[in-house]
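Trainee: What follows is my_file16.txt, made up of compact mmCIF, C-alpha atoms:
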```txt
# COMPACT_ATOMS: atom_id res chain seq x y z
CA MET A 1 -5.77 2.18 60.82
CA ARG A 2 -7.73 2.42 57.59
CA PRO A 3 -7.68 5.80 55.92
CA PRO A 4 -11.03 7.51 55.75
CA LEU A 5 -12.96 6.81 52.54
CA VAL A 6 -13.07 10.46 51.63
CA SER A 7 -9.29 10.64 51.28
CA LEU A 8 -9.24 7.53 49.07
CA ASP A 9 -11.80 9.16 46.82
CA MET A 10 -9.65 12.24 46.65
CA GLN A 11 -6.62 10.14 45.63
CA VAL A 12 -8.56 8.51 42.81
CA PHE A 13 -9.86 11.85 41.70
CA THR A 14 -6.34 13.34 41.70
CA CYS A 15 -5.03 10.40 39.68
CA ILE A 16 -7.73 10.75 37.05
CA LYS A 17 -7.22 14.50 36.88
CA LEU A 18 -3.44 14.13 36.58
CA ARG A 19 -3.79 11.52 33.81
CA HIS A 20 -6.14 13.83 32.00
CA GLN A 21 -3.64 16.68 32.19
CA LEU A 22 -0.73 14.49 31.14
CA ALA A 23 -2.67 13.21 28.11
CA ALA A 24 -2.48 16.69 26.63
CA PHE A 25 1.31 16.33 26.38
CA LEU A 26 1.31 12.84 24.88
CA PRO A 27 1.01 12.22 21.14
CA ALA A 28 -2.53 11.71 19.88
CA ARG A 29 -2.78 7.96 20.47
CA GLN A 30 -6.41 7.86 19.41
CA ASP A 31 -5.49 9.04 15.94
CA GLY A 32 -5.28 5.93 13.76
CA THR A 33 -2.73 7.45 11.40
CA VAL A 34 -0.29 8.15 14.24
CA ARG A 35 -0.43 4.56 15.36
CA GLU A 36 0.00 3.26 11.82
CA ILE A 37 3.11 5.34 11.25
CA ASP A 38 4.52 4.39 14.68
CA LYS A 39 4.32 0.73 13.69
CA VAL A 40 6.13 1.39 10.42
CA PHE A 41 9.02 3.20 12.11
CA LYS A 42 9.25 0.59 14.84
CA ALA A 43 9.34 -2.19 12.25
CA LEU A 44 12.03 -0.39 10.24
CA ALA A 45 14.15 0.33 13.32
CA ASP A 46 15.66 -3.17 13.36
CA PRO A 47 18.47 -4.28 11.02
CA SER A 48 17.19 -7.88 10.84
CA ARG A 49 13.77 -6.73 9.74
CA ARG A 50 15.31 -4.38 7.17
CA GLN A 51 17.35 -7.32 5.90
CA LEU A 52 14.16 -9.35 5.47
CA LEU A 53 12.54 -6.45 3.61
CA ASP A 54 15.62 -6.18 1.37
CA ARG A 55 15.32 -9.85 0.52
CA LEU A 56 11.63 -9.50 -0.29
CA HIS A 57 12.33 -6.35 -2.31
CA ALA A 58 14.88 -8.32 -4.37
CA LYS A 59 12.50 -11.24 -4.80
CA SER A 60 8.90 -10.76 -3.78
CA GLY A 61 6.71 -13.72 -2.90
CA GLN A 62 8.92 -15.96 -0.74
CA THR A 63 8.03 -18.67 1.75
CA LEU A 64 9.33 -18.72 5.31
CA ASN A 65 11.77 -21.49 4.32
CA GLU A 66 13.22 -19.45 1.46
CA LEU A 67 13.55 -16.38 3.67
CA CYS A 68 15.38 -18.34 6.38
CA LYS A 69 18.02 -19.62 3.94
CA GLY A 70 21.46 -18.10 4.51
CA LEU A 71 20.25 -15.94 7.36
CA ASP A 72 21.94 -15.85 10.75
CA MET A 73 18.57 -16.02 12.53
CA THR A 74 16.51 -18.79 14.00
CA ARG A 75 13.31 -19.74 12.23
CA GLN A 76 11.40 -18.53 15.26
CA ALA A 77 13.09 -15.12 15.12
CA VAL A 78 12.32 -14.79 11.42
CA THR A 79 8.66 -15.67 12.10
CA GLN A 80 8.49 -13.01 14.82
CA HIS A 81 10.08 -10.36 12.60
CA LEU A 82 7.70 -11.23 9.76
CA GLY A 83 4.77 -10.87 12.17
CA LEU A 84 5.88 -7.36 13.12
CA LEU A 85 6.43 -6.43 9.48
CA GLU A 86 2.98 -7.72 8.58
CA GLU A 87 1.47 -5.82 11.51
CA ALA A 88 3.07 -2.64 10.14
CA ASN A 89 1.64 -3.49 6.69
CA LEU A 90 5.16 -3.59 5.23
CA ILE A 91 4.60 -7.11 3.99
CA ALA A 92 1.48 -8.66 2.53
CA VAL A 93 0.79 -12.36 2.81
CA GLN A 94 -0.93 -14.52 0.22
CA TRP A 95 -1.63 -18.23 0.26
CA GLN A 96 -0.78 -20.26 -2.80
CA GLY A 97 -2.11 -23.73 -2.14
CA ARG A 98 -0.48 -24.70 1.15
CA GLU A 99 2.35 -22.22 0.80
CA LYS A 100 2.29 -18.91 2.60
CA LEU A 101 4.03 -16.34 0.43
CA HIS A 102 5.36 -13.01 1.70
CA TYR A 103 5.34 -9.92 -0.49
CA PHE A 104 7.02 -6.59 0.11
CA ASN A 105 4.37 -3.85 0.38
CA PRO A 106 5.95 -0.43 -0.26
CA VAL A 107 2.72 1.53 0.29
CA PRO A 108 3.41 2.67 3.91
CA ILE A 109 6.92 3.82 2.94
CA HIS A 110 5.41 5.69 0.02
CA GLU A 111 3.06 7.47 2.42
CA ILE A 112 6.08 8.59 4.50
CA TYR A 113 7.76 9.78 1.32
CA GLU A 114 4.68 11.74 0.22
CA ARG A 115 4.48 13.35 3.64
CA TRP A 116 7.94 14.84 3.66
CA ILE A 117 9.21 15.05 0.09
CA ARG A 118 7.80 17.88 -1.98
CA LYS A 119 7.20 17.40 -5.67
CA PHE A 120 9.80 19.98 -6.74
CA GLU A 121 12.45 18.34 -4.55
CA ARG A 122 12.24 14.93 -6.22
CA GLU A 123 14.48 15.50 -9.20
CA ARG A 124 17.20 17.14 -7.16
CA LEU A 125 17.04 14.44 -4.51
CA THR A 126 17.26 11.73 -7.18
CA ALA A 127 20.25 13.51 -8.73
CA LEU A 128 21.97 13.74 -5.32
CA HIS A 129 21.24 10.09 -4.61
CA ASN A 130 22.62 9.02 -8.00
CA LEU A 131 25.75 11.11 -7.43
CA LYS A 132 26.33 9.50 -4.03
CA THR A 133 25.85 5.95 -5.32
CA LYS A 134 28.12 6.65 -8.30
CA LEU A 135 30.91 8.14 -6.18
CA GLU A 136 30.64 5.40 -3.60
CA GLY A 137 30.59 2.75 -6.30
CA LYS A 138 27.33 1.11 -5.27
CA GLN A 139 24.45 0.10 -7.45
CA PRO A 140 21.74 2.82 -7.45
CA MET B 1 5.67 -16.28 -18.17
CA ASN B 2 7.32 -13.94 -15.74
CA GLU B 3 6.59 -15.01 -12.16
CA GLU B 4 6.91 -11.48 -10.85
CA LYS B 5 3.92 -10.51 -8.78
CA PHE B 6 3.17 -7.31 -6.91
CA VAL B 7 0.89 -7.16 -3.90
CA TYR B 8 -0.11 -3.77 -2.56
CA VAL B 9 -2.13 -3.39 0.62
CA ILE B 10 -3.61 -0.24 2.11
CA TYR B 11 -5.96 0.26 5.05
CA ILE B 12 -8.51 3.02 4.56
CA ALA B 13 -10.92 4.41 7.17
CA ALA B 14 -13.97 3.98 4.94
CA THR B 15 -16.61 1.40 4.06
CA PRO B 16 -15.93 -1.12 1.25
CA GLU B 17 -18.79 0.53 -0.68
CA LYS B 18 -17.06 3.91 -0.52
CA VAL B 19 -13.74 2.44 -1.66
CA TRP B 20 -15.47 0.56 -4.48
CA LYS B 21 -17.20 3.73 -5.67
CA ALA B 22 -13.92 5.62 -5.46
CA LEU B 23 -12.32 3.17 -7.90
CA LEU B 24 -15.09 3.29 -10.50
CA ASP B 25 -16.77 6.70 -10.30
CA GLY B 26 -15.06 9.10 -12.70
CA GLU B 27 -16.08 12.11 -10.62
CA VAL B 28 -14.11 10.63 -7.71
CA THR B 29 -11.13 9.16 -9.60
CA ARG B 30 -10.68 12.51 -11.34
CA GLN B 31 -9.82 14.08 -7.99
CA TYR B 32 -7.24 11.65 -6.65
CA TRP B 33 -6.12 9.72 -9.78
CA GLY B 34 -6.52 12.31 -12.52
CA ARG B 35 -7.90 9.55 -14.76
CA GLU B 36 -11.13 7.65 -15.24
CA ASN B 37 -11.92 3.94 -15.61
CA VAL B 38 -14.57 3.51 -18.30
CA SER B 39 -16.58 0.32 -18.96
CA ASP B 40 -20.04 -1.18 -18.63
CA TRP B 41 -18.33 -3.50 -16.07
CA LYS B 42 -19.82 -6.71 -17.42
CA PRO B 43 -17.44 -9.68 -17.34
CA GLY B 44 -15.93 -9.98 -20.82
CA SER B 45 -16.43 -6.28 -21.62
CA LYS B 46 -13.60 -3.90 -22.41
CA TRP B 47 -12.46 -1.23 -19.99
CA GLU B 48 -10.30 1.82 -20.61
CA HIS B 49 -8.22 4.07 -18.40
CA ARG B 50 -8.75 7.57 -19.81
CA ARG B 51 -7.40 11.03 -19.16
CA PHE B 52 -9.65 14.05 -18.80
CA ASP B 53 -7.84 15.94 -21.57
CA ASP B 54 -9.65 17.11 -24.73
CA ALA B 55 -8.55 14.03 -26.66
CA ARG B 56 -9.70 11.72 -23.78
CA THR B 57 -6.37 9.94 -24.19
CA VAL B 58 -6.51 6.23 -23.41
CA ASP B 59 -3.56 5.17 -21.20
CA LEU B 60 -4.57 1.57 -20.48
CA VAL B 61 -6.97 -0.99 -21.87
CA GLY B 62 -8.17 -4.45 -20.92
CA LYS B 63 -11.11 -6.68 -20.20
CA VAL B 64 -13.33 -7.13 -17.17
CA VAL B 65 -12.76 -10.63 -15.78
CA GLU B 66 -14.68 -10.52 -12.49
CA PHE B 67 -16.99 -7.84 -11.11
CA VAL B 68 -18.34 -8.48 -7.60
CA PRO B 69 -19.29 -5.18 -5.93
CA PRO B 70 -18.08 -4.06 -3.44
CA ARG B 71 -15.57 -6.88 -2.88
CA ARG B 72 -13.64 -7.99 -5.92
CA LEU B 73 -12.69 -6.65 -9.32
CA VAL B 74 -10.42 -8.53 -11.71
CA LEU B 75 -9.20 -6.92 -14.91
CA THR B 76 -6.69 -7.59 -17.64
CA TRP B 77 -4.41 -4.59 -17.98
CA ALA B 78 -2.39 -3.58 -21.02
CA ASP B 79 -0.80 -0.80 -22.97
CA PRO B 80 -3.25 0.44 -25.68
CA ALA B 81 -0.61 -0.54 -28.28
CA ASP B 82 -0.97 -4.16 -27.11
CA ALA B 83 -4.79 -4.11 -27.04
CA ALA B 84 -5.11 -6.81 -29.70
CA ASP B 85 -2.22 -8.92 -28.39
CA VAL B 86 -3.82 -10.75 -25.46
CA ALA B 87 -0.55 -12.56 -24.73
CA LYS B 88 0.89 -9.24 -23.56
CA HIS B 89 -1.92 -8.43 -21.12
CA THR B 90 -1.18 -8.37 -17.41
CA ARG B 91 -3.72 -9.13 -14.69
CA VAL B 92 -4.98 -7.02 -11.78
CA ALA B 93 -7.12 -8.32 -8.93
CA ILE B 94 -8.56 -5.78 -6.52
CA ASP B 95 -9.98 -7.11 -3.25
CA ILE B 96 -11.74 -5.10 -0.60
CA GLU B 97 -12.30 -6.57 2.87
CA THR B 98 -13.60 -5.14 6.11
CA VAL B 99 -11.07 -5.20 8.96
CA GLY B 100 -12.49 -3.65 12.13
CA ASP B 101 -13.70 -0.21 11.13
CA MET B 102 -11.33 -0.06 8.15
CA ALA B 103 -11.42 -1.31 4.59
CA ARG B 104 -8.38 -3.31 3.50
CA LEU B 105 -7.72 -2.78 -0.17
CA THR B 106 -5.39 -5.32 -1.81
CA VAL B 107 -4.13 -4.89 -5.35
CA THR B 108 -2.47 -7.99 -6.82
CA HIS B 109 -0.81 -7.37 -10.16
CA ASP B 110 0.79 -10.28 -12.06
CA GLU B 111 1.15 -12.10 -15.39
CA PHE B 112 3.85 -9.73 -16.61
CA LYS B 113 5.53 -10.67 -19.85
CA PRO B 114 9.33 -10.72 -20.04
CA GLY B 115 10.79 -7.44 -21.27
CA SER B 116 7.55 -5.59 -20.60
CA ASP B 117 7.80 -1.98 -19.50
CA MET B 118 4.53 -2.38 -17.59
CA LEU B 119 6.30 -3.75 -14.52
CA ARG B 120 8.28 -0.56 -13.96
CA LYS B 121 5.25 1.63 -14.66
CA ILE B 122 2.91 -0.06 -12.23
CA ALA B 123 5.59 -0.30 -9.51
CA ASN B 124 5.72 3.49 -9.66
CA GLY B 125 2.01 3.93 -10.11
CA TRP B 126 0.14 1.78 -7.59
CA PRO B 127 1.71 3.12 -4.36
CA ARG B 128 0.99 6.68 -5.53
CA VAL B 129 -2.60 5.94 -6.57
CA LEU B 130 -3.36 4.06 -3.35
CA SER B 131 -1.81 6.70 -1.07
CA SER B 132 -3.74 9.39 -2.91
CA LEU B 133 -6.99 7.40 -2.66
CA LYS B 134 -6.52 6.92 1.09
CA SER B 135 -5.73 10.59 1.60
CA PHE B 136 -8.76 11.61 -0.45
CA LEU B 137 -11.23 9.31 1.31
CA GLU B 138 -9.93 10.08 4.81
CA THR B 139 -9.27 13.80 4.57
CA GLY B 140 -11.11 14.94 1.44
CA ARG B 141 -7.78 15.96 -0.07
CA PRO B 142 -5.86 13.92 -2.64
CA LEU B 143 -2.05 13.96 -2.64
CA LYS B 144 -0.77 17.20 -4.09
CA THR B 145 1.73 15.27 -6.14
CA TRP B 146 -1.03 13.75 -8.20
CA ALA B 147 -1.63 15.95 -11.22
```
Before anything else, please render the file you have as structure tokens.
Mentor:
Amino acid sequence: MRPPLVSLDMQVFTCIKLRHQLAAFLPARQDGTVREIDKVFKALADPSRRQLLDRLHAKSGQTLNELCKGLDMTRQAVTQHLGLLEEANLIAVQWQGREKLHYFNPVPIHEIYERWIRKFERERLTALHNLKTKLEGKQP
Amino acid sequence: MNEEKFVYVIYIAATPEKVWKALLDGEVTRQYWGRENVSDWKPGSKWEHRRFDDARTVDLVGKVVEFVPPRRLVLTWADPADAADVAKHTRVAIDIETVGDMARLTVTHDEFKPGSDMLRKIANGWPRVLSSLKSFLETGRPLKTWA
């Protein structure tokens, strides 16, 4: 037997109301800045993508072919990772003739830095970082 | 010629006209950049990047190469000490595009000369300037870190 229409209406109404109430507990999705920063953290949360960023940081302006060299990733995987990095604005793309060059764009990371690092903390943090790299024998 | 090239991209919730004005209007740059870009903005003219101190210290000089409001600005960019030595000038192209309801601002900086200190300076400078510009246009507040 079909349920009466009134009860269906009530179900829909309850769903909408519940969604409305739940929305208050979810992060502000409508806020553009929240979404931008979510993309940056998601893009950085993968070691392969960080490896690609490291390579572009060492030498900016590389083609897909150059980036694939010596990597334990398929070309298709690299393309997908680059797409996500571009979506997060961590890499910028420029065409040079028929070559698509990828550049590391540090601006979103700088925005994260500006958000949490206070001006007076910089020197001390740099000193701590230098101490760590020196003691651990890595290049700063 | 050094092949090093920097490309900086930032998305700003503003119109290209607003972003354009924010790059050229001294009253605006003063608030988020602490400096002013001075020129008559005719291709071939000089431009200067000046402080607001009493001496109006000039930090950068160069020439206007392209001026297409509110879309594209191309400048040569040099240390005042190298003003006369064109071979030492670097090049900056600023492009502003509309993407949805945002303006995408791209700064492409290249033509660095080997051994130039400019590379290190601009690598520190552009991300700060652009973050501060975005913050200023979107919230009315520049980054506190910008003096």
Trainee: Residues at most 9 Å from range 41-56 of chain A, counting all atoms listed in the file, excluding those fewer than 5 positions away in the same chain, as an MDAnalysis selection string?
Mentor: chainID A and resid 61:62 67 73 78 81:82 84:85 87:88 90:91 102:104
Trainee: Given a cut-off of 8 Å, which residues of chain A touch chain B, counting all atoms listed in the file, written out as a PyMOL selection string?
Mentor: chain A and resi 60-61+89+92+103-108+110-111+114+118-119
Trainee: Can you tell me, as a CSV table (one decimal) with C-alpha atoms, keeping the file's coordinate frame, what residues are no more than 12 Å from Phe67 in chain B when counting all atoms listed in the file, ignoring any on the same chain fewer than 4 positions away?
Mentor:
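Listing of part_34.csv after writing:
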```csv
chain,number,residue,atom,x,y,z
B,20,TRP,CA,-15.5,0.6,-4.5
B,24,LEU,CA,-15.1,3.3,-10.5
B,39,SER,CA,-16.6,0.3,-19.0
B,40,ASP,CA,-20.0,-1.2,-18.6
B,41,TRP,CA,-18.3,-3.5,-16.1
B,42,LYS,CA,-19.8,-6.7,-17.4
B,43,PRO,CA,-17.4,-9.7,-17.3
B,44,GLY,CA,-15.9,-10.0,-20.8
B,45,SER,CA,-16.4,-6.3,-21.6
B,47,TRP,CA,-12.5,-1.2,-20.0
B,63,LYS,CA,-11.1,-6.7,-20.2
B,71,ARG,CA,-15.6,-6.9,-2.9
B,72,ARG,CA,-13.6,-8.0,-5.9
B,73,LEU,CA,-12.7,-6.6,-9.3
B,74,VAL,CA,-10.4,-8.5,-11.7
B,75,LEU,CA,-9.2,-6.9,-14.9
B,93,ALA,CA,-7.1,-8.3,-8.9
B,94,ILE,CA,-8.6,-5.8,-6.5
B,95,ASP,CA,-10.0,-7.1,-3.2
```
Trainee: For Phe136 in chain B, please output as a list in words all residues within 10 Å (counting all atoms listed in the file; exclusion window: fewer than 6 positions along the same chain).
Mentor: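 Skipping anything fewer than 6 positions along the chain leaves Ile12, Ala22, Val28, Thr29, Gln31, Tyr32, Trp33, Leu130, Pro142 and Leu143 of chain B.
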Trainee: Using the file's own x, y and z axes, so that the box edges lie along x, y and z, what centre and edge lengths in Å (one decimal) does a box around every listed atom of range 74-90 of chain A get when 5 Å is added on each side? Give it as AutoDock Vina command-line options.
Mentor:
```
--center_x 9.0 --center_y -11.2 --center_z 10.2 --size_x 25.0 --size_y 27.1 --size_z 20.0
```
Trainee: Go ahead and compute the interatomic distance for CA of Ala81 in chain B and CA of Arg51 in chain B, in Å to one decimal.
Mentor: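 Straight-line distance from CA of Ala81 in chain B to CA of Arg51 in chain B works out to 16.2 Å.
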Trainee: From the list B:Asp110, B:Pro69, B:Asp117, B:Thr57, which residue is nearest Glu97 in chain B when using all atoms listed in the file?
Mentor: B:Pro69
Trainee: If I take CA of Thr76 in chain B and CA of Glu86 in chain A, how far is one from the other in Å, to one decimal?
Mentor: 27.9 Å
Trainee: Could you state the separation of CA of Pro16 in chain B and CA of Met118 in chain B in Å, given to one decimal place?
Mentor: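 Computing the Euclidean distance for CA of Pro16 in chain B and CA of Met118 in chain B yields 27.8 Å.
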Trainee: With only C-alpha atoms as the atoms that count, which of B:Leu137, B:Ala87, B:Leu105, B:Ile122 lies nearest to Leu60 in chain B?
Mentor: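 Of B:Leu137, B:Ala87, B:Leu105, B:Ile122, the one nearest Leu60 in chain B is B:Ile122, counting only C-alpha atoms.
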Trainee: Using only C-alpha atoms for the distances, tell me which of B:Val19, B:Val58, B:Ala78, B:Ala14 is nearest to Lys121 in chain B.
Mentor: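 Using only C-alpha atoms, Lys121 in chain B sits closest to B:Ala78.
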